[in-house]
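Data file: run33.cif. Format and content: mmCIF, C-alpha atoms.
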data_structure
loop_
_atom_site.group_PDB
_atom_site.id
_atom_site.type_symbol
_atom_site.label_atom_id
_atom_site.label_comp_id
_atom_site.auth_asym_id
_atom_site.auth_seq_id
_atom_site.Cartn_x
_atom_site.Cartn_y
_atom_site.Cartn_z
ATOM 1 C CA MET U 18 223.706 39.589 -0.504
ATOM 2 C CA THR U 19 223.145 39.215 -4.208
ATOM 3 C CA VAL U 20 222.963 42.474 -6.154
ATOM 4 C CA ASN U 21 221.562 42.862 -9.634
ATOM 5 C CA HIS U 22 222.940 45.733 -11.672
ATOM 6 C CA GLY U 23 219.458 46.689 -12.910
ATOM 7 C CA GLY U 24 218.612 49.539 -10.579
ATOM 8 C CA THR U 25 219.526 51.964 -7.872
ATOM 9 C CA LEU U 26 219.914 50.528 -4.395
ATOM 10 C CA LYS U 27 217.962 52.349 -1.692
ATOM 11 C CA LYS U 28 219.096 53.741 1.661
ATOM 12 C CA GLU U 29 217.074 51.040 3.428
ATOM 13 C CA TYR U 30 219.068 48.354 1.629
ATOM 14 C CA PHE U 31 222.321 49.812 2.923
ATOM 15 C CA LEU U 32 220.915 50.257 6.434
ATOM 16 C CA ALA U 33 220.117 46.533 6.520
ATOM 17 C CA TYR U 34 223.476 45.657 4.932
ATOM 18 C CA LEU U 35 225.501 47.787 7.366
ATOM 19 C CA LYS U 36 223.595 46.545 10.432
ATOM 20 C CA LEU U 37 224.104 42.952 9.331
ATOM 21 C CA LEU U 38 227.809 43.590 8.811
ATOM 22 C CA MET U 39 228.161 45.327 12.194
ATOM 23 C CA SER U 40 226.337 42.507 13.931
ATOM 24 C CA PHE U 41 228.266 39.731 12.199
ATOM 25 C CA ARG U 42 231.714 41.321 12.496
ATOM 26 C CA ASN U 43 231.022 43.091 15.805
ATOM 27 C CA CYS U 44 232.402 46.340 14.421
ATOM 28 C CA SER U 45 231.636 50.051 14.555
ATOM 29 C CA VAL U 46 229.796 52.148 11.983
ATOM 30 C CA LYS U 47 233.089 53.538 10.683
ATOM 31 C CA GLU U 48 234.580 50.055 10.282
ATOM 32 C CA ALA U 49 231.400 48.828 8.555
ATOM 33 C CA GLU U 50 231.518 51.824 6.221
ATOM 34 C CA SER U 51 235.090 51.097 5.137
ATOM 35 C CA LEU U 52 234.414 47.353 4.810
ATOM 36 C CA THR U 53 231.351 48.028 2.662
ATOM 37 C CA PHE U 54 233.286 50.410 0.441
ATOM 38 C CA GLU U 55 236.057 47.834 0.063
ATOM 39 C CA LEU U 56 233.977 44.664 -0.311
ATOM 40 C CA PHE U 57 230.719 45.887 -1.827
ATOM 41 C CA PHE U 58 231.848 48.802 -3.975
ATOM 42 C CA LYS U 59 235.314 47.298 -4.644
ATOM 43 C CA ASN U 60 236.885 50.703 -3.788
ATOM 44 C CA ASP U 61 235.015 52.323 -6.697
ATOM 45 C CA LYS U 62 232.243 54.711 -5.691
ATOM 46 C CA ASP U 63 230.840 54.633 -9.235
ATOM 47 C CA ALA U 64 230.591 50.829 -9.402
ATOM 48 C CA TYR U 65 226.786 50.890 -8.950
ATOM 49 C CA GLY U 66 226.159 54.479 -9.996
ATOM 50 C CA ALA U 67 226.270 57.835 -8.253
ATOM 51 C CA GLU U 68 222.750 57.589 -6.790
ATOM 52 C CA THR U 69 223.463 54.203 -5.201
ATOM 53 C CA TYR U 70 226.650 55.573 -3.640
ATOM 54 C CA TYR U 71 224.740 58.631 -2.400
ATOM 55 C CA ASN U 72 222.144 56.326 -0.781
ATOM 56 C CA PHE U 73 224.993 54.429 0.879
ATOM 57 C CA LEU U 74 226.325 57.690 2.342
ATOM 58 C CA LYS U 75 222.818 58.607 3.558
ATOM 59 C CA ALA U 76 222.570 55.225 5.317
ATOM 60 C CA VAL U 77 225.943 55.761 7.024
ATOM 61 C CA ARG U 78 224.867 59.246 8.124
ATOM 62 C CA ASN U 79 221.598 57.814 9.454
ATOM 63 C CA LEU U 80 223.452 55.165 11.500
ATOM 64 C CA ASN U 81 225.804 57.791 12.936
ATOM 65 C CA GLU U 82 222.814 59.909 13.972
ATOM 66 C CA GLU U 83 221.209 56.864 15.644
ATOM 67 C CA LYS U 84 224.471 56.202 17.482
ATOM 68 C CA LYS U 85 224.658 59.801 18.721
ATOM 69 C CA ALA U 86 221.020 59.719 19.840
ATOM 70 C CA LEU U 87 221.571 56.479 21.773
ATOM 71 C CA LEU U 88 224.678 57.852 23.438
ATOM 72 C CA GLN U 89 222.915 61.096 24.355
ATOM 73 C CA CYS U 90 219.999 59.143 25.799
ATOM 74 C CA TRP U 91 222.399 57.008 27.830
ATOM 75 C CA VAL U 92 224.347 60.026 29.128
ATOM 76 C CA ASN U 93 221.237 62.040 30.023
ATOM 77 C CA THR U 94 219.421 59.349 31.945
ATOM 78 C CA ASN U 95 219.897 59.052 35.691
ATOM 79 C CA LYS U 96 218.124 55.721 35.946
ATOM 80 C CA PRO U 97 220.532 52.766 35.990
ATOM 81 C CA ALA U 98 217.711 50.400 35.004
ATOM 82 C CA THR U 99 217.185 52.336 31.774
ATOM 83 C CA ARG U 100 220.904 52.215 31.062
ATOM 84 C CA ARG U 101 220.921 48.453 31.517
ATOM 85 C CA LEU U 102 218.138 48.098 28.959
ATOM 86 C CA ALA U 103 220.056 50.166 26.412
ATOM 87 C CA ILE U 104 223.396 48.425 26.897
ATOM 88 C CA ARG U 105 223.761 45.130 25.123
ATOM 89 C CA ARG U 106 227.253 44.320 26.250
ATOM 90 C CA VAL U 107 230.331 45.989 27.656
ATOM 91 C CA ARG U 108 233.761 44.825 26.639
ATOM 92 C CA LEU U 109 237.262 46.024 27.354
ATOM 93 C CA SER U 110 239.553 47.001 24.544
ATOM 94 C CA ARG U 111 243.168 45.896 24.602
ATOM 95 C CA ASN U 112 244.317 49.337 23.481
ATOM 96 C CA SER U 113 242.171 51.425 25.807
ATOM 97 C CA PRO U 114 241.630 51.272 29.555
ATOM 98 C CA GLN U 115 238.081 52.599 29.047
ATOM 99 C CA PRO U 116 235.274 50.128 28.368
ATOM 100 C CA ILE U 117 233.629 50.022 24.974
ATOM 101 C CA ILE U 118 229.855 49.951 25.310
ATOM 102 C CA LEU U 119 227.883 48.221 22.576
ATOM 103 C CA PHE U 120 224.481 49.840 21.985
ATOM 104 C CA ASN U 121 222.390 47.906 19.492
ATOM 105 C CA ASN U 122 225.328 47.222 17.130
ATOM 106 C CA PHE U 123 227.160 50.498 17.843
ATOM 107 C CA ASN U 124 230.558 50.654 19.529
ATOM 108 C CA ILE U 125 230.806 53.702 21.766
ATOM 109 C CA SER U 126 233.772 54.643 23.903
ATOM 110 C CA PRO U 127 232.641 56.984 26.685
ATOM 111 C CA ARG U 128 234.800 60.068 27.078
#
As structure tokens - that is how I would like this structure written.
Amino acid sequence: MTVNHGGTLKKEYFLAYLKLLMSFRNCSVKEAESLTFELFFKNDKDAYGAETYYNFLKAVRNLNEEKKALLQCWVNTNKPATRRLAIRRVRLSRNSPQPIILFNNFNISPR
């Protein structure tokens, strides 16, 4: 995505950016956060100004809240059909015997 240095980037911009990154790289919110900080901000939180960085943090917090809400919905439901609608794909991790469930671009390991 092309970024002009003329203004503050909004939370919605970072939500779209992070979701695109998570979808393309098939990674978690935490991994997308660190990749964005490394690639977008070039490891400098002041690269685009304090307000832009704050909006980035708000977007990450928003995605984490969405992830928690999806997981809570999945855990609380007793209807397998509803679970199937929420689950996009289940994959096994090499490092963990537990499956990793992908909910709408979120990686969640059930515990």
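Considering the residues U:Tyr71, U:Arg78, U:Leu35, U:Arg42 and counting all atoms listed in the file, Phe57 of chain U has its shortest atom-to-atom contact with U:Leu35.
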What's the separation between atom CA of Tyr34 of chain U and atom CA of Gly66 of chain U, in Å to one decimal place? 17.5 Å
Near segment 25-29 of chain U, counting all atoms listed in the file, which residues have an atom at most 9 Å away, once you skip same-chain residues fewer than 2 positions from it, shown as an MDAnalysis selection string? chainID U and resid 20 22:23 31:34 65:77
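Separating atom CA of Ser45 of chain U from atom CA of Leu80 of chain U is a distance of 10.1 Å.
Considering the residues U:Asp63, U:Lys36, U:Ser51, U:Phe58 and counting all atoms listed in the file, Asn79 of chain U has its shortest atom-to-atom contact with U:Lys36.
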Please measure the separation of atom CA of Leu56 of chain U and atom CA of Glu83 of chain U, giving the value in Å to one decimal. 23.8 Å
Please enclose the listed atoms of segment 21-36 of chain U in an axis-aligned box, pad each side by 8 Å, and write out the centre and the three edge lengths in Å, rounded to one decimal, as JSON.
{"center_x": 221.3, "center_y": 48.3, "center_z": -1.2, "size_x": 24.4, "size_y": 26.9, "size_z": 39.3}
Output requested as a PDB file, keeping the file's coordinate frame - segment 68-84 of chain U, filled out with N, CA and C atoms.
ATOM      1  N   GLU U  68     223.902  57.546  -7.695  1.00  0.00           N
ATOM      2  CA  GLU U  68     222.750  57.589  -6.790  1.00  0.00           C
ATOM      3  C   GLU U  68     222.831  56.475  -5.737  1.00  0.00           C
ATOM      4  N   THR U  69     223.294  55.306  -6.152  1.00  0.00           N
ATOM      5  CA  THR U  69     223.463  54.203  -5.201  1.00  0.00           C
ATOM      6  C   THR U  69     224.512  54.572  -4.158  1.00  0.00           C
ATOM      7  N   TYR U  70     225.611  55.162  -4.588  1.00  0.00           N
ATOM      8  CA  TYR U  70     226.650  55.573  -3.640  1.00  0.00           C
ATOM      9  C   TYR U  70     226.129  56.655  -2.698  1.00  0.00           C
ATOM     10  N   TYR U  71     225.331  57.588  -3.228  1.00  0.00           N
ATOM     11  CA  TYR U  71     224.740  58.631  -2.400  1.00  0.00           C
ATOM     12  C   TYR U  71     223.803  58.019  -1.354  1.00  0.00           C
ATOM     13  N   ASN U  72     223.028  57.010  -1.733  1.00  0.00           N
ATOM     14  CA  ASN U  72     222.144  56.326  -0.781  1.00  0.00           C
ATOM     15  C   ASN U  72     222.948  55.589   0.287  1.00  0.00           C
ATOM     16  N   PHE U  73     224.089  55.058  -0.089  1.00  0.00           N
ATOM     17  CA  PHE U  73     224.993  54.429   0.879  1.00  0.00           C
ATOM     18  C   PHE U  73     225.470  55.457   1.907  1.00  0.00           C
ATOM     19  N   LEU U  74     225.873  56.631   1.436  1.00  0.00           N
ATOM     20  CA  LEU U  74     226.325  57.690   2.342  1.00  0.00           C
ATOM     21  C   LEU U  74     225.198  58.165   3.256  1.00  0.00           C
ATOM     22  N   LYS U  75     223.959  58.230   2.726  1.00  0.00           N
ATOM     23  CA  LYS U  75     222.818  58.607   3.558  1.00  0.00           C
ATOM     24  C   LYS U  75     222.582  57.564   4.646  1.00  0.00           C
ATOM     25  N   ALA U  76     222.752  56.288   4.326  1.00  0.00           N
ATOM     26  CA  ALA U  76     222.570  55.225   5.317  1.00  0.00           C
ATOM     27  C   ALA U  76     223.634  55.328   6.412  1.00  0.00           C
ATOM     28  N   VAL U  77     224.867  55.603   6.037  1.00  0.00           N
ATOM     29  CA  VAL U  77     225.943  55.761   7.024  1.00  0.00           C
ATOM     30  C   VAL U  77     225.643  56.953   7.924  1.00  0.00           C
ATOM     31  N   ARG U  78     225.208  58.053   7.343  1.00  0.00           N
ATOM     32  CA  ARG U  78     224.867  59.246   8.124  1.00  0.00           C
ATOM     33  C   ARG U  78     223.722  58.937   9.090  1.00  0.00           C
ATOM     34  N   ASN U  79     222.732  58.191   8.620  1.00  0.00           N
ATOM     35  CA  ASN U  79     221.598  57.814   9.454  1.00  0.00           C
ATOM     36  C   ASN U  79     222.054  56.964  10.650  1.00  0.00           C
ATOM     37  N   LEU U  80     222.944  56.004  10.413  1.00  0.00           N
ATOM     38  CA  LEU U  80     223.452  55.165  11.500  1.00  0.00           C
ATOM     39  C   LEU U  80     224.256  55.986  12.507  1.00  0.00           C
ATOM     40  N   ASN U  81     225.043  56.927  12.023  1.00  0.00           N
ATOM     41  CA  ASN U  81     225.804  57.791  12.936  1.00  0.00           C
ATOM     42  C   ASN U  81     224.875  58.645  13.794  1.00  0.00           C
ATOM     43  N   GLU U  82     223.785  59.132  13.203  1.00  0.00           N
ATOM     44  CA  GLU U  82     222.814  59.909  13.972  1.00  0.00           C
ATOM     45  C   GLU U  82     222.130  59.040  15.026  1.00  0.00           C
ATOM     46  N   GLU U  83     221.797  57.790  14.669  1.00  0.00           N
ATOM     47  CA  GLU U  83     221.209  56.864  15.644  1.00  0.00           C
ATOM     48  C   GLU U  83     222.176  56.620  16.799  1.00  0.00           C
ATOM     49  N   LYS U  84     223.449  56.445  16.464  1.00  0.00           N
ATOM     50  CA  LYS U  84     224.471  56.202  17.482  1.00  0.00           C
ATOM     51  C   LYS U  84     224.567  57.389  18.438  1.00  0.00           C
TER      52      LYS U  84
END
